[in-house]
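Dumped entry.pdb below, it's PDB, C-alpha atoms and all ligand atoms:
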ATOM      1  CA  MET Z 912       3.204  19.248 -12.268  1.00  0.00           C
ATOM      2  CA  ASP Z 913       2.964  20.662  -8.746  1.00  0.00           C
ATOM      3  CA  LEU Z 914       0.039  19.021  -6.983  1.00  0.00           C
ATOM      4  CA  LYS Z 915       0.752  21.073  -3.827  1.00  0.00           C
ATOM      5  CA  ILE Z 916       1.183  17.969  -1.718  1.00  0.00           C
ATOM      6  CA  LYS Z 917       4.878  18.387  -0.895  1.00  0.00           C
ATOM      7  CA  GLY Z 918       5.572  17.341   2.700  1.00  0.00           C
ATOM      8  CA  ASN Z 919       2.418  15.228   2.900  1.00  0.00           C
ATOM      9  CA  SER Z 920       2.592  11.645   4.045  1.00  0.00           C
ATOM     10  CA  ALA Z 921       1.249   8.606   2.185  1.00  0.00           C
ATOM     11  CA  ILE Z 922       0.907   4.850   2.430  1.00  0.00           C
ATOM     12  CA  VAL Z 923       0.994   2.860  -0.802  1.00  0.00           C
ATOM     13  CA  THR Z 924       0.312  -0.841  -0.304  1.00  0.00           C
ATOM     14  CA  ALA Z 925       1.692  -3.669  -2.471  1.00  0.00           C
ATOM     15  CA  SER Z 926       4.247  -1.251  -3.839  1.00  0.00           C
ATOM     16  CA  SER Z 927       7.534  -3.115  -4.251  1.00  0.00           C
ATOM     17  CA  SER Z 928       6.740  -3.501  -7.966  1.00  0.00           C
ATOM     18  CA  GLY Z 929       4.155  -2.818 -10.650  1.00  0.00           C
ATOM     19  CA  LEU Z 930       1.260  -0.400 -10.240  1.00  0.00           C
ATOM     20  CA  GLY Z 931       1.901   0.210  -6.541  1.00  0.00           C
ATOM     21  CA  LYS Z 932       5.540   1.128  -7.094  1.00  0.00           C
ATOM     22  CA  ALA Z 933       4.582   3.443  -9.962  1.00  0.00           C
ATOM     23  CA  ALA Z 934       2.052   5.194  -7.697  1.00  0.00           C
ATOM     24  CA  ALA Z 935       4.671   5.494  -4.944  1.00  0.00           C
ATOM     25  CA  ALA Z 936       7.208   6.940  -7.401  1.00  0.00           C
ATOM     26  CA  ALA Z 937       4.709   9.570  -8.590  1.00  0.00           C
ATOM     27  CA  LEU Z 938       4.093  10.664  -4.992  1.00  0.00           C
ATOM     28  CA  VAL Z 939       7.807  10.711  -4.096  1.00  0.00           C
ATOM     29  CA  LYS Z 940       8.487  12.936  -7.115  1.00  0.00           C
ATOM     30  CA  GLU Z 941       5.854  15.345  -5.734  1.00  0.00           C
ATOM     31  CA  GLY Z 942       7.839  15.525  -2.474  1.00  0.00           C
ATOM     32  CA  VAL Z 943       5.483  13.287  -0.521  1.00  0.00           C
ATOM     33  CA  ASN Z 944       6.907  11.072   2.242  1.00  0.00           C
ATOM     34  CA  VAL Z 945       5.850   7.525   1.439  1.00  0.00           C
ATOM     35  CA  VAL Z 946       5.665   4.175   3.212  1.00  0.00           C
ATOM     36  CA  ILE Z 947       5.946   1.317   0.726  1.00  0.00           C
ATOM     37  CA  ASN Z 948       4.930  -2.255   1.411  1.00  0.00           C
ATOM     38  CA  GLY Z 949       5.191  -5.831   0.164  1.00  0.00           C
ATOM     39  CA  ARG Z 950       5.765  -9.319   1.559  1.00  0.00           C
ATOM     40  CA  ASP Z 951       9.203 -10.084   0.150  1.00  0.00           C
ATOM     41  CA  GLN Z 952      11.873  -8.136   2.057  1.00  0.00           C
ATOM     42  CA  GLN Z 953      14.493  -8.332  -0.726  1.00  0.00           C
ATOM     43  CA  LYS Z 954      12.098  -6.986  -3.343  1.00  0.00           C
ATOM     44  CA  LEU Z 955      11.083  -4.263  -0.909  1.00  0.00           C
ATOM     45  CA  ASP Z 956      14.728  -3.275  -0.230  1.00  0.00           C
ATOM     46  CA  SER Z 957      15.392  -2.967  -3.935  1.00  0.00           C
ATOM     47  CA  ALA Z 958      12.272  -0.795  -4.471  1.00  0.00           C
ATOM     48  CA  LEU Z 959      13.266   1.352  -1.466  1.00  0.00           C
ATOM     49  CA  LYS Z 960      16.693   1.998  -2.986  1.00  0.00           C
ATOM     50  CA  GLU Z 961      15.186   2.866  -6.365  1.00  0.00           C
ATOM     51  CA  LEU Z 962      12.601   5.255  -4.894  1.00  0.00           C
ATOM     52  CA  ASN Z 963      15.145   6.965  -2.648  1.00  0.00           C
ATOM     53  CA  GLU Z 964      17.269   7.660  -5.724  1.00  0.00           C
ATOM     54  CA  LEU Z 965      14.454   9.903  -7.018  1.00  0.00           C
ATOM     55  CA  ASN Z 966      15.552  12.438  -4.395  1.00  0.00           C
ATOM     56  CA  GLY Z 967      12.004  13.446  -3.638  1.00  0.00           C
ATOM     57  CA  GLY Z 968      10.078  12.813  -0.441  1.00  0.00           C
ATOM     58  CA  ARG Z 969      11.408  10.414   2.212  1.00  0.00           C
ATOM     59  CA  VAL Z 970      10.685   6.747   1.595  1.00  0.00           C
ATOM     60  CA  ILE Z 971      10.553   4.012   4.192  1.00  0.00           C
ATOM     61  CA  SER Z 972       9.408   0.429   3.879  1.00  0.00           C
ATOM     62  CA  CYS Z 973       7.165  -1.732   6.017  1.00  0.00           C
ATOM     63  CA  GLN Z 974       7.277  -5.438   5.204  1.00  0.00           C
ATOM     64  CA  GLY Z 975       3.883  -7.106   5.606  1.00  0.00           C
ATOM     65  CA  ASP Z 976       0.979  -8.988   4.087  1.00  0.00           C
ATOM     66  CA  ILE Z 977      -2.139  -6.874   3.511  1.00  0.00           C
ATOM     67  CA  THR Z 978      -4.380  -9.894   4.018  1.00  0.00           C
ATOM     68  CA  LYS Z 979      -3.268  -9.888   7.679  1.00  0.00           C
ATOM     69  CA  LYS Z 980      -5.019  -7.509  10.080  1.00  0.00           C
ATOM     70  CA  GLU Z 981      -1.970  -7.101  12.335  1.00  0.00           C
ATOM     71  CA  ASP Z 982       0.251  -6.195   9.364  1.00  0.00           C
ATOM     72  CA  ILE Z 983      -2.223  -3.482   8.324  1.00  0.00           C
ATOM     73  CA  LYS Z 984      -2.160  -2.016  11.838  1.00  0.00           C
ATOM     74  CA  ARG Z 985       1.651  -1.992  11.794  1.00  0.00           C
ATOM     75  CA  LEU Z 986       1.706  -0.337   8.375  1.00  0.00           C
ATOM     76  CA  VAL Z 987      -0.494   2.566   9.443  1.00  0.00           C
ATOM     77  CA  LYS Z 988       1.423   2.932  12.723  1.00  0.00           C
ATOM     78  CA  THR Z 989       4.717   3.048  10.785  1.00  0.00           C
ATOM     79  CA  ALA Z 990       3.488   5.972   8.678  1.00  0.00           C
ATOM     80  CA  VAL Z 991       2.143   7.954  11.626  1.00  0.00           C
ATOM     81  CA  ASP Z 992       5.136   7.228  13.882  1.00  0.00           C
ATOM     82  CA  ASN Z 993       7.705   8.167  11.239  1.00  0.00           C
ATOM     83  CA  PHE Z 994       6.038  11.033   9.410  1.00  0.00           C
ATOM     84  CA  GLY Z 995       3.789  12.382  12.161  1.00  0.00           C
ATOM     85  CA  ARG Z 996       0.730  12.524   9.920  1.00  0.00           C
ATOM     86  CA  LEU Z 997      -1.136  10.650   7.203  1.00  0.00           C
ATOM     87  CA  ASP Z 998      -2.630  12.420   4.184  1.00  0.00           C
ATOM     88  CA  HIS Z 999      -2.977   9.841   1.437  1.00  0.00           C
ATOM     89  CA  LEU Z1000      -3.801   6.160   1.278  1.00  0.00           C
ATOM     90  CA  VAL Z1001      -3.285   4.282  -1.991  1.00  0.00           C
ATOM     91  CA  THR Z1002      -4.552   0.731  -1.813  1.00  0.00           C
ATOM     92  CA  SER Z1003      -2.934  -1.348  -4.494  1.00  0.00           C
ATOM     93  CA  ALA Z1004      -3.189  -5.078  -3.932  1.00  0.00           C
ATOM     94  CA  GLY Z1005      -1.070  -6.921  -6.457  1.00  0.00           C
ATOM     95  CA  GLY Z1006      -3.261  -9.494  -8.095  1.00  0.00           C
ATOM     96  CA  PRO Z1007      -4.443 -12.969  -7.290  1.00  0.00           C
ATOM     97  CA  PRO Z1008      -2.400 -15.526  -9.261  1.00  0.00           C
ATOM     98  CA  ALA Z1009      -3.567 -15.490 -12.876  1.00  0.00           C
ATOM     99  CA  LYS Z1010      -5.297 -18.664 -13.978  1.00  0.00           C
ATOM    100  CA  SER Z1011      -8.234 -19.647 -16.149  1.00  0.00           C
ATOM    101  CA  PHE Z1012     -11.717 -19.662 -14.597  1.00  0.00           C
ATOM    102  CA  LEU Z1013     -12.060 -23.444 -14.751  1.00  0.00           C
ATOM    103  CA  GLU Z1014      -8.756 -23.928 -12.916  1.00  0.00           C
ATOM    104  CA  THR Z1015      -9.859 -21.816  -9.943  1.00  0.00           C
ATOM    105  CA  THR Z1016     -10.845 -23.432  -6.662  1.00  0.00           C
ATOM    106  CA  GLU Z1017     -13.333 -22.056  -4.126  1.00  0.00           C
ATOM    107  CA  ALA Z1018     -10.381 -21.254  -1.863  1.00  0.00           C
ATOM    108  CA  ASP Z1019      -8.874 -19.095  -4.661  1.00  0.00           C
ATOM    109  CA  TRP Z1020     -12.059 -16.984  -4.724  1.00  0.00           C
ATOM    110  CA  TYR Z1021     -12.070 -16.499  -0.946  1.00  0.00           C
ATOM    111  CA  ASP Z1022      -8.339 -15.663  -0.963  1.00  0.00           C
ATOM    112  CA  SER Z1023      -8.931 -13.100  -3.709  1.00  0.00           C
ATOM    113  CA  TYR Z1024     -11.772 -11.558  -1.701  1.00  0.00           C
ATOM    114  CA  GLU Z1025      -9.439 -11.168   1.301  1.00  0.00           C
ATOM    115  CA  LEU Z1026      -6.735  -9.633  -0.901  1.00  0.00           C
ATOM    116  CA  LEU Z1027      -8.795  -7.327  -3.103  1.00  0.00           C
ATOM    117  CA  VAL Z1028     -11.766  -6.390  -0.918  1.00  0.00           C
ATOM    118  CA  MET Z1029     -11.134  -6.948   2.788  1.00  0.00           C
ATOM    119  CA  SER Z1030      -7.622  -5.465   2.676  1.00  0.00           C
ATOM    120  CA  VAL Z1031      -9.158  -2.224   1.388  1.00  0.00           C
ATOM    121  CA  VAL Z1032     -11.919  -2.216   4.031  1.00  0.00           C
ATOM    122  CA  ARG Z1033      -9.390  -2.788   6.818  1.00  0.00           C
ATOM    123  CA  LEU Z1034      -6.851  -0.276   5.502  1.00  0.00           C
ATOM    124  CA  ILE Z1035      -9.469   2.465   5.294  1.00  0.00           C
ATOM    125  CA  LYS Z1036     -10.914   1.717   8.734  1.00  0.00           C
ATOM    126  CA  GLU Z1037      -7.431   1.745  10.271  1.00  0.00           C
ATOM    127  CA  SER Z1038      -6.336   4.971   8.501  1.00  0.00           C
ATOM    128  CA  VAL Z1039      -9.416   7.145   8.505  1.00  0.00           C
ATOM    129  CA  GLU Z1040      -8.854   8.683  11.943  1.00  0.00           C
ATOM    130  CA  PHE Z1041      -5.417   9.958  10.840  1.00  0.00           C
ATOM    131  CA  LEU Z1042      -6.558  11.021   7.355  1.00  0.00           C
ATOM    132  CA  LYS Z1043      -9.334  13.140   8.881  1.00  0.00           C
ATOM    133  CA  LYS Z1044      -7.177  14.643  11.630  1.00  0.00           C
ATOM    134  CA  ASP Z1045      -5.010  16.688   9.262  1.00  0.00           C
ATOM    135  CA  GLY Z1046      -7.833  18.156   7.248  1.00  0.00           C
ATOM    136  CA  GLY Z1047      -9.288  15.571   4.892  1.00  0.00           C
ATOM    137  CA  GLY Z1048      -6.925  13.236   3.145  1.00  0.00           C
ATOM    138  CA  THR Z1049      -7.364  11.207  -0.010  1.00  0.00           C
ATOM    139  CA  ILE Z1050      -7.981   7.529  -0.643  1.00  0.00           C
ATOM    140  CA  VAL Z1051      -7.252   5.940  -4.015  1.00  0.00           C
ATOM    141  CA  ASN Z1052      -8.172   2.307  -4.569  1.00  0.00           C
ATOM    142  CA  ILE Z1053      -6.473   0.405  -7.374  1.00  0.00           C
ATOM    143  CA  THR Z1054      -8.008  -2.945  -8.103  1.00  0.00           C
TER     144      THR Z1054
HETATM  145  N1  LIG Q   1       0.994  -3.457 -14.394  1.00  0.00           N
HETATM  146  C1  LIG Q   1       0.018  -3.180 -15.255  1.00  0.00           C
HETATM  147  O1  LIG Q   1       0.201  -2.366 -16.191  1.00  0.00           O
HETATM  148  C2  LIG Q   1      -1.352  -3.829 -15.116  1.00  0.00           C
HETATM  149  C3  LIG Q   1      -2.352  -3.477 -16.026  1.00  0.00           C
HETATM  150  C4  LIG Q   1      -3.625  -4.044 -15.872  1.00  0.00           C
HETATM  151  C5  LIG Q   1      -3.886  -4.942 -14.855  1.00  0.00           C
HETATM  152  N2  LIG Q   1      -2.882  -5.288 -14.010  1.00  0.00           N
HETATM  153  C6  LIG Q   1      -3.220  -6.227 -12.939  1.00  0.00           C
HETATM  154  O2  LIG Q   1      -3.078  -5.538 -11.713  1.00  0.00           O
HETATM  155  C7  LIG Q   1      -2.599  -6.410 -10.697  1.00  0.00           C
HETATM  156  C8  LIG Q   1      -1.308  -5.855 -10.109  1.00  0.00           C
HETATM  157  O3  LIG Q   1      -0.382  -5.709 -11.152  1.00  0.00           O
HETATM  158  P1  LIG Q   1       1.098  -5.224 -10.890  1.00  0.00           P
HETATM  159  O4  LIG Q   1       1.710  -4.989 -12.218  1.00  0.00           O
HETATM  160  O5  LIG Q   1       1.078  -4.108  -9.915  1.00  0.00           O
HETATM  161  O6  LIG Q   1       1.702  -6.560 -10.240  1.00  0.00           O
HETATM  162  P2  LIG Q   1       3.151  -6.861  -9.668  1.00  0.00           P
HETATM  163  O7  LIG Q   1       4.226  -6.142 -10.411  1.00  0.00           O
HETATM  164  O8  LIG Q   1       3.202  -8.351  -9.570  1.00  0.00           O
HETATM  165  O9  LIG Q   1       3.140  -6.207  -8.202  1.00  0.00           O
HETATM  166  C9  LIG Q   1       2.436  -6.756  -7.181  1.00  0.00           C
HETATM  167  C10 LIG Q   1       2.897  -6.069  -5.886  1.00  0.00           C
HETATM  168  O10 LIG Q   1       2.011  -6.436  -4.872  1.00  0.00           O
HETATM  169  C11 LIG Q   1       2.737  -6.989  -3.784  1.00  0.00           C
HETATM  170  N3  LIG Q   1       1.831  -7.905  -3.110  1.00  0.00           N
HETATM  171  C12 LIG Q   1       1.166  -8.962  -3.641  1.00  0.00           C
HETATM  172  N4  LIG Q   1       0.415  -9.547  -2.708  1.00  0.00           N
HETATM  173  C13 LIG Q   1       0.591  -8.847  -1.542  1.00  0.00           C
HETATM  174  C14 LIG Q   1       0.104  -8.983  -0.222  1.00  0.00           C
HETATM  175  N5  LIG Q   1      -0.744  -9.951   0.116  1.00  0.00           N
HETATM  176  N6  LIG Q   1       0.510  -8.090   0.721  1.00  0.00           N
HETATM  177  C15 LIG Q   1       1.371  -7.091   0.396  1.00  0.00           C
HETATM  178  N7  LIG Q   1       1.869  -6.926  -0.841  1.00  0.00           N
HETATM  179  C16 LIG Q   1       1.494  -7.794  -1.795  1.00  0.00           C
HETATM  180  C17 LIG Q   1       3.964  -7.608  -4.443  1.00  0.00           C
HETATM  181  O11 LIG Q   1       5.045  -7.823  -3.553  1.00  0.00           O
HETATM  182  P3  LIG Q   1       5.238  -9.242  -2.780  1.00  0.00           P
HETATM  183  O12 LIG Q   1       4.939 -10.314  -3.782  1.00  0.00           O
HETATM  184  O13 LIG Q   1       6.642  -9.226  -2.288  1.00  0.00           O
HETATM  185  O14 LIG Q   1       4.256  -9.213  -1.664  1.00  0.00           O
HETATM  186  C18 LIG Q   1       4.286  -6.496  -5.439  1.00  0.00           C
HETATM  187  O15 LIG Q   1       4.919  -5.417  -4.799  1.00  0.00           O
HETATM  188  C19 LIG Q   1      -2.426  -7.773 -11.384  1.00  0.00           C
HETATM  189  O16 LIG Q   1      -3.583  -8.526 -11.150  1.00  0.00           O
HETATM  190  C20 LIG Q   1      -2.282  -7.419 -12.846  1.00  0.00           C
HETATM  191  O17 LIG Q   1      -2.690  -8.484 -13.657  1.00  0.00           O
HETATM  192  C21 LIG Q   1      -1.640  -4.736 -14.108  1.00  0.00           C
END
Show how you would write the structure in this file as structure tokens.
Ligand SMILES: NC(=O)c1ccc[n+]([C@@H]2O[C@H](COP(=O)([O-])OP(=O)(O)OC[C@H]3O[C@@H](n4cnc5c(N)ncnc54)[C@H](OP(=O)(O)O)[C@@H]3O)[C@@H](O)[C@H]2O)c1
Amino acid sequence: MDLKIKGNSAIVTASSSGLGKAAAAALVKEGVNVVINGRDQQKLDSALKELNELNGGRVISCQGDITKKEDIKRLVKTAVDNFGRLDHLVTSAGGPPAKSFLETTEADWYDSYELLVMSVVRLIKESVEFLKKDGGGTIVNIT
């Protein structure tokens, strides 16, 4: 399918495996230049290699934790500095560690809120100026 987004630029967060990596792969196959992200550098390197082998859009990685404001700023800057524009933001977040309700602590709930809600708020606020500049942009939130 040709979505007519070849040459666009995208950020996909939490994308060194799972849903985020699948979303990044779909964009790369459409010829979109993508910044992928995750905390573990080794996992990120391996995903980068795999996505580059698709021979689609350019792929670069930006190691960072999306619960940290400064890492979000660096992620958006990496996309704009390297690709010169930003058209698509896909906010995947990995998941909080799976456990049963009764095993959860209050801290687990606050950590999950930072990961699943505040990361999205901060990513959108940081990106929106660039998404708008080139004529609109899209935001997809996976949670
Ligand atoms: N896969 C499915 O088909 C599916 C279906 C339904 C529901 N889910 C749920 O969806 C959630 C995500 O699933 P998944 O399959 O995508 O999980 P996954 O394969 O474990 O991938 C999680 C990704 O998020 C990254 N990540 C986690 N925390 C991060 C953080 N703070 N900052 C930056 N990156 C972070 C991980 O890399 P690092 O650890 O290196 O940071 C990894 O790249 C889970 O809660 C899962 O239960 C998944």
Given 7 Å and all atoms listed in the file, residues near ligand LIG 1 (chain Q) as a tab-separated table (two decimals) with C-alpha atoms, in the coordinates of the input:
chain	number	residue	atom	x	y	z
Z	924	THR	CA	0.31	-0.84	-0.30
Z	925	ALA	CA	1.69	-3.67	-2.47
Z	926	SER	CA	4.25	-1.25	-3.84
Z	927	SER	CA	7.53	-3.12	-4.25
Z	928	SER	CA	6.74	-3.50	-7.97
Z	929	GLY	CA	4.16	-2.82	-10.65
Z	930	LEU	CA	1.26	-0.40	-10.24
Z	931	GLY	CA	1.90	0.21	-6.54
Z	932	LYS	CA	5.54	1.13	-7.09
Z	948	ASN	CA	4.93	-2.26	1.41
Z	949	GLY	CA	5.19	-5.83	0.16
Z	950	ARG	CA	5.76	-9.32	1.56
Z	951	ASP	CA	9.20	-10.08	0.15
Z	952	GLN	CA	11.87	-8.14	2.06
Z	954	LYS	CA	12.10	-6.99	-3.34
Z	955	LEU	CA	11.08	-4.26	-0.91
Z	975	GLY	CA	3.88	-7.11	5.61
Z	976	ASP	CA	0.98	-8.99	4.09
Z	977	ILE	CA	-2.14	-6.87	3.51
Z	978	THR	CA	-4.38	-9.89	4.02
Z	1004	ALA	CA	-3.19	-5.08	-3.93
Z	1005	GLY	CA	-1.07	-6.92	-6.46
Z	1006	GLY	CA	-3.26	-9.49	-8.10
Z	1007	PRO	CA	-4.44	-12.97	-7.29
Z	1026	LEU	CA	-6.74	-9.63	-0.90
Z	1054	THR	CA	-8.01	-2.94	-8.10
All residues 8 Å or closer to Z:Arg996, only C-alpha atoms, same chain fewer than 3 positions away omitted, as a list in words: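 What passes the distance filter is Asn919, Ser920, Ala990, Val991, Asp992, Phe1041, Leu1042 and Asp1045 of chain Z.
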Same residues, C-alpha atoms, output as a short mmCIF file (atom, residue, chain, number, x, y, z; two decimals), in the coordinates of the input:
data_model
loop_
_atom_site.label_atom_id
_atom_site.label_comp_id
_atom_site.auth_asym_id
_atom_site.auth_seq_id
_atom_site.Cartn_x
_atom_site.Cartn_y
_atom_site.Cartn_z
CA ASN Z 919 2.42 15.23 2.90
CA SER Z 920 2.59 11.64 4.04
CA ALA Z 990 3.49 5.97 8.68
CA VAL Z 991 2.14 7.95 11.63
CA ASP Z 992 5.14 7.23 13.88
CA PHE Z 1041 -5.42 9.96 10.84
CA LEU Z 1042 -6.56 11.02 7.36
CA ASP Z 1045 -5.01 16.69 9.26
#
So how many Å separate atom CA of Z:Ser972 and atom CA of Z:Ala921, to one decimal?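 Interatomic distance, atom CA of Z:Ser972 to atom CA of Z:Ala921: 11.7 Å.
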Between atom CA of Z:Asn966 and atom CA of Z:Gly942, what distance in Å does the model show, to one decimal?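 Separating atom CA of Z:Asn966 from atom CA of Z:Gly942 is a distance of 8.5 Å.
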Considering all atoms listed in the file, return as a list in words whatever protein or nucleic-acid residues lie within 12 Å of Z:Lys980, sequence-local ones (same chain, fewer than 5 positions apart) excluded.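 What passes the distance filter is Gly975, Arg985, Leu986, Val987, Glu1025, Leu1026, Met1029, Ser1030, Val1031, Val1032, Arg1033, Leu1034, Ile1035, Lys1036 and Glu1037 of chain Z.
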I need the residue nearest Z:Glu1040 from this list: Z:Met912, Z:Ala933, Z:Leu959, Z:Leu997. Use all atoms listed in the file for the distance.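 When distances to Z:Glu1040 are compared using all atoms listed in the file, the smallest one comes from Z:Leu997.
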How many Å separate atom CA of Z:Lys940 from atom CA of Z:Gly968?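 Atom CA of Z:Lys940 sits 6.9 Å away from atom CA of Z:Gly968.
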Hey, can I get the axis-aligned box for stretch 980-986 of chain Z? All listed atoms, 6 Å padding on each side, centre and edge lengths in Å to one decimal, as JSON.
{"center_x": -1.7, "center_y": -3.9, "center_z": 10.3, "size_x": 18.7, "size_y": 19.2, "size_z": 16.0}
Selected residue, from Z:Cys973, Z:Ala935, Z:Val943, Z:Ile983, that lies nearest to Z:Glu961 when counting only C-alpha atoms: Z:Ala935
Contacts of Z:Lys1043 at 9 Å (only C-alpha atoms; same-chain gap of 5+ positions) as a list of chain:residue names: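 With the cut-off at 9 Å, the set is Z:Leu997, Z:Asp998, Z:Ser1038, Z:Gly1048.
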Return the single residue from Z:Leu1027, Z:Ile916, Z:Val923, Z:Leu965 that is closest to Z:Glu941, with distances computed using all atoms listed in the file. Z:Ile916
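With distances restricted to all atoms listed in the file, Z:Ile971 is the closest residue to Z:Ser957 from Z:Lys988, Z:Ile971, Z:Gly995, Z:Asn944.
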Name the residues in contact with Z:Ala1009 at a cut-off of 12 Å, using only C-alpha atoms, excluding same-chain residues fewer than 6 positions from it; report them as a count of residues only. 4
Atoms added to stretch 974-993 of chain Z (N, CA, C and O atoms), reported as a PDB file, keeping the file's coordinate frame:
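Dumped to part-v1.pdb:
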ATOM      1  N   GLN Z 974       7.562  -4.100   5.715  1.00  0.00           N
ATOM      2  CA  GLN Z 974       7.277  -5.438   5.204  1.00  0.00           C
ATOM      3  C   GLN Z 974       5.980  -5.945   5.832  1.00  0.00           C
ATOM      4  O   GLN Z 974       5.756  -5.758   7.034  1.00  0.00           O
ATOM      5  N   GLY Z 975       5.113  -6.556   5.037  1.00  0.00           N
ATOM      6  CA  GLY Z 975       3.883  -7.106   5.606  1.00  0.00           C
ATOM      7  C   GLY Z 975       2.941  -7.594   4.534  1.00  0.00           C
ATOM      8  O   GLY Z 975       3.079  -7.256   3.356  1.00  0.00           O
ATOM      9  N   ASP Z 976       1.970  -8.389   4.979  1.00  0.00           N
ATOM     10  CA  ASP Z 976       0.979  -8.988   4.087  1.00  0.00           C
ATOM     11  C   ASP Z 976      -0.364  -8.295   4.330  1.00  0.00           C
ATOM     12  O   ASP Z 976      -0.896  -8.354   5.453  1.00  0.00           O
ATOM     13  N   ILE Z 977      -0.912  -7.656   3.297  1.00  0.00           N
ATOM     14  CA  ILE Z 977      -2.139  -6.874   3.511  1.00  0.00           C
ATOM     15  C   ILE Z 977      -3.385  -7.739   3.698  1.00  0.00           C
ATOM     16  O   ILE Z 977      -4.472  -7.209   3.919  1.00  0.00           O
ATOM     17  N   THR Z 978      -3.244  -9.053   3.637  1.00  0.00           N
ATOM     18  CA  THR Z 978      -4.380  -9.894   4.018  1.00  0.00           C
ATOM     19  C   THR Z 978      -4.369 -10.178   5.521  1.00  0.00           C
ATOM     20  O   THR Z 978      -5.267 -10.839   6.028  1.00  0.00           O
ATOM     21  N   LYS Z 979      -3.350  -9.653   6.226  1.00  0.00           N
ATOM     22  CA  LYS Z 979      -3.268  -9.888   7.679  1.00  0.00           C
ATOM     23  C   LYS Z 979      -3.580  -8.608   8.445  1.00  0.00           C
ATOM     24  O   LYS Z 979      -2.922  -7.585   8.247  1.00  0.00           O
ATOM     25  N   LYS Z 980      -4.577  -8.697   9.337  1.00  0.00           N
ATOM     26  CA  LYS Z 980      -5.019  -7.509  10.080  1.00  0.00           C
ATOM     27  C   LYS Z 980      -3.868  -6.858  10.853  1.00  0.00           C
ATOM     28  O   LYS Z 980      -3.741  -5.646  10.883  1.00  0.00           O
ATOM     29  N   GLU Z 981      -3.036  -7.670  11.498  1.00  0.00           N
ATOM     30  CA  GLU Z 981      -1.970  -7.101  12.335  1.00  0.00           C
ATOM     31  C   GLU Z 981      -0.922  -6.394  11.480  1.00  0.00           C
ATOM     32  O   GLU Z 981      -0.325  -5.407  11.921  1.00  0.00           O
ATOM     33  N   ASP Z 982      -0.720  -6.859  10.245  1.00  0.00           N
ATOM     34  CA  ASP Z 982       0.251  -6.195   9.364  1.00  0.00           C
ATOM     35  C   ASP Z 982      -0.293  -4.844   8.902  1.00  0.00           C
ATOM     36  O   ASP Z 982       0.460  -3.884   8.722  1.00  0.00           O
ATOM     37  N   ILE Z 983      -1.599  -4.761   8.703  1.00  0.00           N
ATOM     38  CA  ILE Z 983      -2.223  -3.482   8.324  1.00  0.00           C
ATOM     39  C   ILE Z 983      -2.068  -2.474   9.464  1.00  0.00           C
ATOM     40  O   ILE Z 983      -1.707  -1.318   9.249  1.00  0.00           O
ATOM     41  N   LYS Z 984      -2.310  -2.911  10.669  1.00  0.00           N
ATOM     42  CA  LYS Z 984      -2.160  -2.016  11.838  1.00  0.00           C
ATOM     43  C   LYS Z 984      -0.728  -1.487  11.915  1.00  0.00           C
ATOM     44  O   LYS Z 984      -0.494  -0.300  12.135  1.00  0.00           O
ATOM     45  N   ARG Z 985       0.233  -2.372  11.709  1.00  0.00           N
ATOM     46  CA  ARG Z 985       1.651  -1.992  11.794  1.00  0.00           C
ATOM     47  C   ARG Z 985       2.019  -1.014  10.674  1.00  0.00           C
ATOM     48  O   ARG Z 985       2.792  -0.085  10.875  1.00  0.00           O
ATOM     49  N   LEU Z 986       1.432  -1.208   9.517  1.00  0.00           N
ATOM     50  CA  LEU Z 986       1.706  -0.337   8.375  1.00  0.00           C
ATOM     51  C   LEU Z 986       1.244   1.095   8.666  1.00  0.00           C
ATOM     52  O   LEU Z 986       1.982   2.065   8.453  1.00  0.00           O
ATOM     53  N   VAL Z 987       0.039   1.228   9.152  1.00  0.00           N
ATOM     54  CA  VAL Z 987      -0.494   2.566   9.443  1.00  0.00           C
ATOM     55  C   VAL Z 987       0.310   3.206  10.579  1.00  0.00           C
ATOM     56  O   VAL Z 987       0.669   4.387  10.522  1.00  0.00           O
ATOM     57  N   LYS Z 988       0.638   2.421  11.589  1.00  0.00           N
ATOM     58  CA  LYS Z 988       1.423   2.932  12.723  1.00  0.00           C
ATOM     59  C   LYS Z 988       2.804   3.409  12.237  1.00  0.00           C
ATOM     60  O   LYS Z 988       3.306   4.453  12.676  1.00  0.00           O
ATOM     61  N   THR Z 989       3.392   2.672  11.312  1.00  0.00           N
ATOM     62  CA  THR Z 989       4.717   3.048  10.785  1.00  0.00           C
ATOM     63  C   THR Z 989       4.658   4.429  10.132  1.00  0.00           C
ATOM     64  O   THR Z 989       5.546   5.264  10.351  1.00  0.00           O
ATOM     65  N   ALA Z 990       3.607   4.667   9.348  1.00  0.00           N
ATOM     66  CA  ALA Z 990       3.488   5.972   8.678  1.00  0.00           C
ATOM     67  C   ALA Z 990       3.330   7.081   9.708  1.00  0.00           C
ATOM     68  O   ALA Z 990       4.029   8.104   9.660  1.00  0.00           O
ATOM     69  N   VAL Z 991       2.436   6.892  10.650  1.00  0.00           N
ATOM     70  CA  VAL Z 991       2.143   7.954  11.626  1.00  0.00           C
ATOM     71  C   VAL Z 991       3.354   8.172  12.548  1.00  0.00           C
ATOM     72  O   VAL Z 991       3.741   9.317  12.823  1.00  0.00           O
ATOM     73  N   ASP Z 992       3.983   7.098  12.989  1.00  0.00           N
ATOM     74  CA  ASP Z 992       5.136   7.228  13.882  1.00  0.00           C
ATOM     75  C   ASP Z 992       6.310   7.927  13.198  1.00  0.00           C
ATOM     76  O   ASP Z 992       7.008   8.731  13.802  1.00  0.00           O
ATOM     77  N   ASN Z 993       6.529   7.622  11.929  1.00  0.00           N
ATOM     78  CA  ASN Z 993       7.705   8.167  11.239  1.00  0.00           C
ATOM     79  C   ASN Z 993       7.477   9.542  10.630  1.00  0.00           C
ATOM     80  O   ASN Z 993       8.391  10.357  10.576  1.00  0.00           O
TER      81      ASN Z 993
END
